[in-house]
Each structure stands twice: as structure tokens, then as C-alpha cells.
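Asker: Enclosed is the structure file structure.cif (mmCIF, C-alpha atoms).
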```cif
data_work
loop_
_atom_site.label_atom_id
_atom_site.label_comp_id
_atom_site.auth_asym_id
_atom_site.auth_seq_id
_atom_site.Cartn_x
_atom_site.Cartn_y
_atom_site.Cartn_z
CA MET A 1 40.05 10.40 7.58
CA ALA A 2 37.17 11.13 9.92
CA ASN A 3 36.45 14.78 10.68
CA ILE A 4 36.52 14.43 14.49
CA ILE A 5 36.12 17.72 16.37
CA ARG A 6 36.62 17.83 20.13
CA ILE A 7 34.38 20.30 21.99
CA ASP A 8 34.49 21.75 25.48
CA ASP A 9 31.19 23.69 25.47
CA PHE A 10 27.96 23.89 23.52
CA ASP A 11 28.08 27.55 22.48
CA ALA A 12 29.23 26.92 18.91
CA PRO A 13 26.39 27.62 16.44
CA GLU A 14 27.02 24.36 14.58
CA LEU A 15 25.78 22.55 17.71
CA ASP A 16 22.45 24.41 17.72
CA VAL A 17 20.63 21.38 16.31
CA TYR A 18 21.56 19.39 19.42
CA VAL A 19 21.21 22.07 22.07
CA ARG A 20 19.06 25.06 21.22
CA LEU A 21 16.64 24.43 18.36
CA THR A 22 13.06 23.38 19.04
CA GLY A 23 11.34 20.60 17.15
CA ALA A 24 9.51 23.15 15.00
CA GLN A 25 12.78 24.90 14.19
CA LEU A 26 14.36 21.61 13.21
CA ARG A 27 11.47 20.98 10.82
CA ARG A 28 11.99 24.40 9.18
CA ARG A 29 8.57 24.66 7.60
CA LEU A 30 9.69 27.50 5.30
CA GLU A 31 12.63 25.50 3.96
CA PRO A 32 11.64 21.82 4.13
CA GLU A 33 14.65 20.79 2.06
CA ARG A 34 16.86 21.95 4.96
CA ALA A 35 14.81 20.29 7.69
CA ILE A 36 16.57 18.15 10.29
CA PHE A 37 15.64 15.37 12.69
CA ILE A 38 17.71 13.79 15.45
CA ALA A 39 18.45 10.05 15.58
CA GLU A 40 19.37 8.92 19.07
CA SER A 41 21.59 5.95 20.06
CA PRO A 42 23.98 3.92 17.88
CA THR A 43 21.30 1.33 17.09
CA VAL A 44 18.78 3.88 15.81
CA ILE A 45 21.47 5.74 13.86
CA GLU A 46 22.48 2.52 12.11
CA VAL A 47 18.87 1.77 11.16
CA ALA A 48 18.41 5.30 9.81
CA LEU A 49 21.60 5.06 7.73
CA ASN A 50 20.51 1.68 6.38
CA ALA A 51 17.21 3.27 5.32
CA GLY A 52 19.06 5.92 3.32
CA CYS A 53 18.74 8.88 5.68
CA VAL A 54 21.37 11.55 5.04
CA PRO A 55 23.57 12.49 8.04
CA VAL A 56 24.62 16.09 8.69
CA SER A 57 26.75 15.62 11.82
CA LEU A 58 27.31 13.27 14.76
CA LEU A 59 27.68 14.05 18.47
CA ALA A 60 29.18 11.23 20.56
CA ASP A 61 30.73 10.41 23.90
CA GLU A 62 34.48 10.21 23.24
CA ARG A 63 34.61 6.79 24.93
CA LEU A 64 32.50 5.43 22.08
CA ILE A 65 34.68 6.71 19.23
CA ASN A 66 36.61 3.45 19.16
CA GLY A 67 33.67 1.43 20.42
CA ALA A 68 29.93 1.56 19.75
CA VAL A 69 30.09 4.32 17.11
CA LYS A 70 33.30 3.20 15.41
CA GLY A 71 31.40 1.50 12.59
CA ILE A 72 29.12 4.53 12.16
CA ILE A 73 32.14 6.83 11.88
CA LYS A 74 33.66 4.62 9.19
CA ARG A 75 30.43 4.85 7.23
CA LEU A 76 30.31 8.64 7.61
CA GLU A 77 33.88 8.93 6.31
CA LYS A 78 32.75 7.54 2.96
CA MET A 79 29.66 9.73 2.60
CA PRO A 80 29.44 13.10 0.82
CA SER A 81 29.14 16.24 2.93
CA GLU A 82 28.56 19.97 2.50
CA ASN A 83 31.63 20.36 4.72
CA PRO A 84 34.84 20.08 2.68
CA ASP A 85 36.52 18.21 5.57
CA GLY A 86 33.74 15.64 5.70
CA ILE A 87 30.78 15.07 7.99
CA PRO A 88 31.60 16.65 11.38
CA ILE A 89 31.88 14.24 14.30
CA TYR A 90 31.69 16.23 17.54
CA THR A 91 32.95 14.53 20.68
CA ALA A 92 33.67 15.32 24.33
CA GLU A 93 34.01 13.72 27.75
CA ARG A 94 30.78 12.51 29.32
CA ASP A 95 30.78 15.13 32.10
CA ILE A 96 30.75 17.84 29.44
CA LEU A 97 28.06 16.12 27.41
CA THR A 98 25.76 15.86 30.42
CA ARG A 99 25.31 19.62 30.18
CA LEU A 100 23.18 18.84 27.15
CA THR A 101 19.65 18.20 28.44
CA GLY A 102 18.74 14.57 28.02
CA PHE A 103 22.06 13.50 26.54
CA GLU A 104 22.59 10.98 29.30
CA LEU A 105 19.55 9.13 27.95
CA THR A 106 20.90 8.69 24.42
CA ARG A 107 23.30 5.80 24.98
CA GLY A 108 26.12 8.07 23.98
CA ALA A 109 25.31 9.29 20.48
CA LEU A 110 23.10 11.70 18.56
CA CYS A 111 23.05 12.16 14.79
CA ALA A 112 21.51 15.12 12.97
CA MET A 113 19.98 13.97 9.68
CA ARG A 114 18.04 15.47 6.80
CA ARG A 115 14.32 14.82 6.98
CA PRO A 116 13.28 12.59 4.08
CA VAL A 117 10.76 13.90 1.55
CA LEU A 118 7.42 12.24 2.19
CA LYS A 119 5.68 10.37 -0.61
CA SER A 120 2.00 10.71 -1.45
CA VAL A 121 -0.68 8.51 0.08
CA ARG A 122 -1.22 6.86 -3.31
CA GLU A 123 2.47 5.98 -3.58
CA ILE A 124 2.68 4.63 -0.04
CA CYS A 125 -0.47 2.52 -0.42
CA ALA A 126 0.05 1.32 -4.00
CA SER A 127 0.82 -2.28 -3.07
CA ALA A 128 -0.34 -2.29 0.54
CA LYS A 129 -2.95 -4.68 1.93
CA ARG A 130 -2.85 -3.61 5.58
CA ILE A 131 -2.23 -0.05 6.72
CA ALA A 132 -2.49 1.81 10.03
CA VAL A 133 -3.92 5.32 10.35
CA PHE A 134 -3.16 7.43 13.43
CA GLU A 135 -5.67 10.20 14.22
CA GLU A 136 -4.56 13.10 16.45
CA ILE A 137 -2.23 10.95 18.58
CA ALA A 138 -0.34 13.56 20.57
CA ASP A 139 2.10 11.59 22.72
CA SER A 140 5.47 10.95 21.08
CA THR A 141 6.00 7.80 23.14
CA ASN A 142 2.75 6.34 21.82
CA ILE A 143 3.68 7.25 18.25
CA GLY A 144 7.04 5.53 18.61
CA ALA A 145 5.47 2.42 20.17
CA LEU A 146 2.80 2.26 17.45
CA PHE A 147 5.38 2.45 14.68
CA ARG A 148 7.39 -0.32 16.30
CA SER A 149 4.31 -2.54 16.50
CA ALA A 150 3.23 -1.64 12.95
CA ALA A 151 6.63 -2.64 11.59
CA ALA A 152 6.78 -5.85 13.62
CA LEU A 153 3.20 -7.04 13.22
CA GLY A 154 2.38 -6.90 9.55
CA MET A 155 1.41 -3.36 8.60
CA ASP A 156 2.51 -2.45 5.07
CA ALA A 157 2.33 1.31 5.69
CA VAL A 158 1.34 3.99 8.20
CA LEU A 159 -0.60 7.20 7.60
CA VAL A 160 -0.69 10.02 10.16
CA THR A 161 -3.27 12.78 10.19
CA PRO A 162 -2.18 16.45 10.15
CA THR A 163 -2.80 16.89 13.88
CA CYS A 164 -0.68 13.91 14.94
CA CYS A 165 2.62 14.21 16.79
CA ASP A 166 5.60 14.40 14.43
CA PRO A 167 6.87 10.81 13.94
CA LEU A 168 10.40 12.17 13.49
CA CYS A 169 10.53 14.00 16.80
CA ARG A 170 13.44 12.81 18.93
CA ARG A 171 11.48 10.77 21.47
CA ALA A 172 9.26 9.06 18.88
CA VAL A 173 12.29 8.01 16.86
CA ARG A 174 14.01 6.65 19.97
CA VAL A 175 10.99 4.74 21.28
CA SER A 176 10.40 3.23 17.83
CA MET A 177 13.95 1.82 17.90
CA GLY A 178 14.34 3.13 14.36
CA THR A 179 11.37 1.24 12.92
CA ILE A 180 10.03 4.62 11.76
CA PHE A 181 12.62 4.21 9.00
CA GLN A 182 11.57 0.65 8.18
CA VAL A 183 7.81 0.93 7.62
CA PRO A 184 6.68 3.31 4.83
CA TRP A 185 4.69 6.27 6.13
CA THR A 186 3.33 9.64 5.12
CA ARG A 187 0.75 12.22 6.14
CA ILE A 188 -2.84 11.99 4.96
CA GLY A 189 -4.01 15.56 4.43
CA GLU A 190 -2.23 18.89 4.77
CA THR A 191 -4.49 20.62 7.31
CA ALA A 192 -6.79 19.54 10.13
CA ALA A 193 -9.79 20.14 7.87
CA ASP A 194 -8.61 17.41 5.48
CA TRP A 195 -9.33 14.63 7.97
CA PRO A 196 -11.55 12.63 8.17
CA ARG A 197 -12.67 13.89 4.78
CA ASP A 198 -9.74 12.01 3.21
CA ILE A 199 -11.16 8.68 4.35
CA SER A 200 -12.77 8.77 0.92
CA LEU A 201 -9.29 8.47 -0.61
CA LEU A 202 -8.73 5.22 1.28
CA THR A 203 -12.07 3.92 -0.02
CA GLU A 204 -11.04 4.91 -3.54
CA LEU A 205 -7.82 2.91 -3.08
CA GLY A 206 -9.85 -0.18 -2.21
CA PHE A 207 -9.47 -0.24 1.58
CA LYS A 208 -12.19 -1.12 4.04
CA THR A 209 -11.74 1.25 6.95
CA VAL A 210 -11.72 -0.03 10.53
CA ALA A 211 -12.43 2.39 13.39
CA MET A 212 -11.05 1.01 16.66
CA ALA A 213 -13.72 2.24 19.07
CA LEU A 214 -16.17 1.09 21.74
CA THR A 215 -19.74 1.68 20.55
CA ASP A 216 -22.99 -0.27 20.56
CA GLU A 217 -22.30 -1.15 16.92
CA SER A 218 -18.74 -2.40 17.46
CA VAL A 219 -17.93 -5.91 16.23
CA SER A 220 -15.24 -8.11 17.75
CA ILE A 221 -11.76 -7.84 16.30
CA ASP A 222 -11.95 -11.50 15.26
CA ASP A 223 -15.22 -11.06 13.33
CA PRO A 224 -15.08 -13.44 10.29
CA ALA A 225 -16.30 -10.81 7.80
CA LEU A 226 -13.62 -8.38 8.97
CA MET A 227 -10.90 -11.03 8.81
CA ALA A 228 -11.90 -11.92 5.24
CA GLU A 229 -11.38 -8.41 3.84
CA GLU A 230 -8.57 -8.15 1.30
CA LYS A 231 -7.45 -4.61 2.20
CA LEU A 232 -7.87 -2.98 5.60
CA ALA A 233 -7.03 0.46 7.00
CA ILE A 234 -6.96 0.28 10.81
CA VAL A 235 -7.72 3.69 12.34
CA LEU A 236 -6.61 4.47 15.91
CA GLY A 237 -7.51 7.64 17.78
CA THR A 238 -6.04 10.07 20.22
CA GLU A 239 -5.31 9.26 23.84
CA GLY A 240 -8.28 9.66 26.18
CA THR A 241 -11.13 10.56 23.83
CA GLY A 242 -10.32 8.15 21.02
CA LEU A 243 -11.60 8.61 17.47
CA SER A 244 -13.91 11.46 16.53
CA LYS A 245 -17.59 10.65 16.00
CA ARG A 246 -17.32 11.68 12.37
CA THR A 247 -14.41 9.31 11.77
CA ILE A 248 -16.32 6.43 13.36
CA ALA A 249 -19.39 7.23 11.25
CA ASP A 250 -17.35 7.38 8.04
CA CYS A 251 -15.53 4.05 8.55
CA ASP A 252 -16.84 0.75 7.19
CA TYR A 253 -16.37 -1.14 10.46
CA THR A 254 -16.31 -0.16 14.12
CA VAL A 255 -14.22 -2.72 15.99
CA LYS A 256 -13.50 -3.51 19.63
CA ILE A 257 -11.01 -5.71 21.45
CA PRO A 258 -12.85 -8.01 23.91
CA MET A 259 -11.85 -7.24 27.51
CA SER A 260 -11.83 -9.14 30.80
CA HIS A 261 -12.14 -8.10 34.48
CA GLY A 262 -14.25 -5.07 33.65
CA VAL A 263 -11.41 -3.24 31.88
CA ASP A 264 -12.96 -0.81 29.41
CA SER A 265 -10.02 -0.07 27.12
CA LEU A 266 -6.29 -0.29 26.47
CA ASN A 267 -3.66 2.39 25.97
CA VAL A 268 -3.56 3.25 22.26
CA GLY A 269 -0.08 1.73 21.93
CA ALA A 270 -1.26 -1.60 23.37
CA ALA A 271 -4.51 -1.54 21.40
CA GLY A 272 -2.56 -0.93 18.21
CA ALA A 273 -0.31 -3.92 18.85
CA VAL A 274 -3.32 -6.21 19.39
CA ALA A 275 -5.08 -4.89 16.28
CA PHE A 276 -2.00 -5.22 14.09
CA TRP A 277 -1.38 -8.79 15.25
CA GLN A 278 -4.99 -9.90 14.73
CA LEU A 279 -5.57 -8.08 11.43
CA GLY A 280 -2.06 -7.91 10.00
CA ARG A 281 -0.24 -10.15 7.52
CA HIS A 282 0.59 -13.31 9.47
#
```
Would you encode the structure as C-alpha cells?

Answerer:
Amino acid sequence: MANIIRIDDFDAPELDVYVRLTGAQLRRRLEPERAIFIAESPTVIEVALNAGCVPVSLLADERLINGAVKGIIKRLEKMPSENPDGIPIYTAERDILTRLTGFELTRGALCAMRRPVLKSVREICASAKRIAVFEEIADSTNIGALFRSAAALGMDAVLVTPTCCDPLCRRAVRVSMGTIFQVPWTRIGETAADWPRDISLLTELGFKTVAMALTDESVSIDDPALMAEEKLAIVLGTEGTGLSKRTIADCDYTVKIPMSHGVDSLNVGAAGAVAFWQLGRH
């Protein structure tokens, strides 16, 4: 039987993950095996469960218990839990849940899950032909949109540099529509000093590196030599300033998307989608 617990406030410590803990606290850097992320909306929760993510608890609008989250609850009933009564399923009326900042934007459900252990770059890229690399992208919405495009448009894997936004932060997961759990990803480097030095690792793994940037040396994204490369790593930079000069200098290609009407550039999320479509696995 499902462990459904009705709540009338958010003061209980077991609800801290939904109400009071910051993103950094959820990551628990000192105890990574206990780290948590939040999956938001029934659709995203289903995708995360399908990818093997381990649920800790669920918080849902009581009107959805026999509706949109009914199937999720049935799955949770069958899963192991540290709680002897089973995975807790917290529920309340919507007017109570709206006290939780942002809950009204979640389509009625939040699920706390264990953060998966990241694989190494070598493991992630072992059989990959096309990968995306995100350098210092700070906006969680852009990270989520980029992951969604990477999953949809032929990227085999994603690498994020140490200074990137956390791909498992709540907004990034939501914007990605759960595709963060469908495309393999990991971090390249442990500290800011490791990148772009670790571009050499991509070269060692057989990738030609592609810096998406506007310079006098940039070639068009449909350049025949570029299109003929067997393995490509497409590197996209932070909002506003783009890729660092050192990253551009260290990459094999510098590539631009041809523009019309005097437009100089696209948002990194849009640029990523174009690059993945043109250079991905059709």
C-alpha cells in the first residue's frame, strides 16, 4: 500500500528538500552519496524513473493522487525505501501547496531523487561520434533548452565545464522536459583551472573540436571539411561573451552560423539547436 501522508503545513523537517534547502545544500558536496535533486511535473518524474533515478519522496496536489500521479505512485509502491513504510508520498490541498514558492508552476508534483553518480569523460565518450560541450553557461533555462536540443538532434553525449550551471538544478530539469536523463552527460574537469586545458583529452579521444564563435577565421557551419569529420565536439560558450579566447585558440575549427538582416548572433540555446541539427547524426 502506498505511504500517503497528508500535510497541513511545511514545517516538518522531512519537507526541507522541497521548501528550505538551497541548490548547494541539496547537492551536499561533503556527502555526494546523499545528494538530492528535484524532478518537477509528472512527465519529468516519469522520465527520471525510466532512466533509473532513485526516488526519496513525492509531493503532490491531492487532486492528482487518483489522476496524473496515480501511475507514479503505483511504481513507488514497488520500489525499495529507507523508510520501513515505503517511499513517503506527501499530499495536501492546492491552497496549502501554494505556500511553497513556485509550486504552482510544477503541474502538481515534485519528486526528490538521489543524484546519480557521474561517469568519467572517457566512459561517456567511448562510443560517441557527436558530443556537445557547454562552457560557463550560467542560465539554468539555457542549460535545460540545450539538453533538450542535444537529446533531440543527434548528440551522443554532453560535457559541462566546472563553471557551468548545475544541469540537475530544478529549473534546468524542468525546461529540459527530462531529457537531461536521456542523453549521457558528465563534467569535464573538477575545477575552473581544468578547462580549457582538458580540450586535449577530447583530442586524445579522437574528436575534432568546434568552437562556435564569430571571428575573422570562422568557417560556415555547413563547411564540407567540417561536415566530413568522423567525430566532432561542438563547444558553446556562456551567454553574452561567448567562448573564451583560449578555448577558441585551442579548438580545431571556429564555426559560425550565417545570419540575415544584420543579426550578429543567436541566443546560446537557439545556436545550439542549429549546430546540433547541422552537425548531428541525421

Asker: A:Asp223, A:Asp139, A:Glu82, A:Glu204: which is nearest Cys125 (chain A), counting all atoms listed in the file?

Answerer: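 For Cys125 (chain A), the nearest of the candidates is A:Glu204.
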
Asker: Using all atoms listed in the file, find the one residue out of A:Met212, A:Ile199, A:Ala157, A:Ile36 that sits nearest to Val117 (chain A).

Answerer: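 When distances to Val117 (chain A) are compared using all atoms listed in the file, the smallest one comes from A:Ile36.
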
Asker: Can you pull out the residues contacting Val175 (chain A)? Cut-off 9 Å, using all atoms listed in the file, and skip same-chain residues under 6 positions away; I want them as a list in words.

Answerer: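 Neighbouring residues, sequence-local ones excluded: Ser140, Thr141, Asn142, Ile143, Gly144, Ala145, Phe147 and Arg148 of chain A.
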
Asker: Please provide the set of residues having any atom within 10 Å of region 53-56 of chain A, restricted to only C-alpha atoms, with same-chain residues fewer than 2 positions apart removed, written as a CSV table (one decimal) with C-alpha atoms, in the frame of the given file.

Answerer:
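New file out00.csv:
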```csv
chain,number,residue,atom,x,y,z
A,36,ILE,CA,16.6,18.2,10.3
A,37,PHE,CA,15.6,15.4,12.7
A,38,ILE,CA,17.7,13.8,15.4
A,39,ALA,CA,18.4,10.0,15.6
A,45,ILE,CA,21.5,5.7,13.9
A,46,GLU,CA,22.5,2.5,12.1
A,47,VAL,CA,18.9,1.8,11.2
A,48,ALA,CA,18.4,5.3,9.8
A,49,LEU,CA,21.6,5.1,7.7
A,50,ASN,CA,20.5,1.7,6.4
A,51,ALA,CA,17.2,3.3,5.3
A,58,LEU,CA,27.3,13.3,14.8
A,76,LEU,CA,30.3,8.6,7.6
A,79,MET,CA,29.7,9.7,2.6
A,80,PRO,CA,29.4,13.1,0.8
A,81,SER,CA,29.1,16.2,2.9
A,82,GLU,CA,28.6,20.0,2.5
A,83,ASN,CA,31.6,20.4,4.7
A,86,GLY,CA,33.7,15.6,5.7
A,87,ILE,CA,30.8,15.1,8.0
A,88,PRO,CA,31.6,16.6,11.4
A,89,ILE,CA,31.9,14.2,14.3
A,111,CYS,CA,23.0,12.2,14.8
A,112,ALA,CA,21.5,15.1,13.0
A,113,MET,CA,20.0,14.0,9.7
A,114,ARG,CA,18.0,15.5,6.8
A,115,ARG,CA,14.3,14.8,7.0
A,116,PRO,CA,13.3,12.6,4.1
A,181,PHE,CA,12.6,4.2,9.0
```

Asker: Can you measure CA of Val268 (chain A) to CA of Glu230 (chain A) for me? One decimal in Å is fine.

Answerer: 24.4 Å

Asker: Nearest residue to Pro224 (chain A) out of A:Val158, A:Leu279, A:Leu266, A:Leu110, using only C-alpha atoms?

Answerer: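 Distance minimum relative to Pro224 (chain A) lands on A:Leu279.
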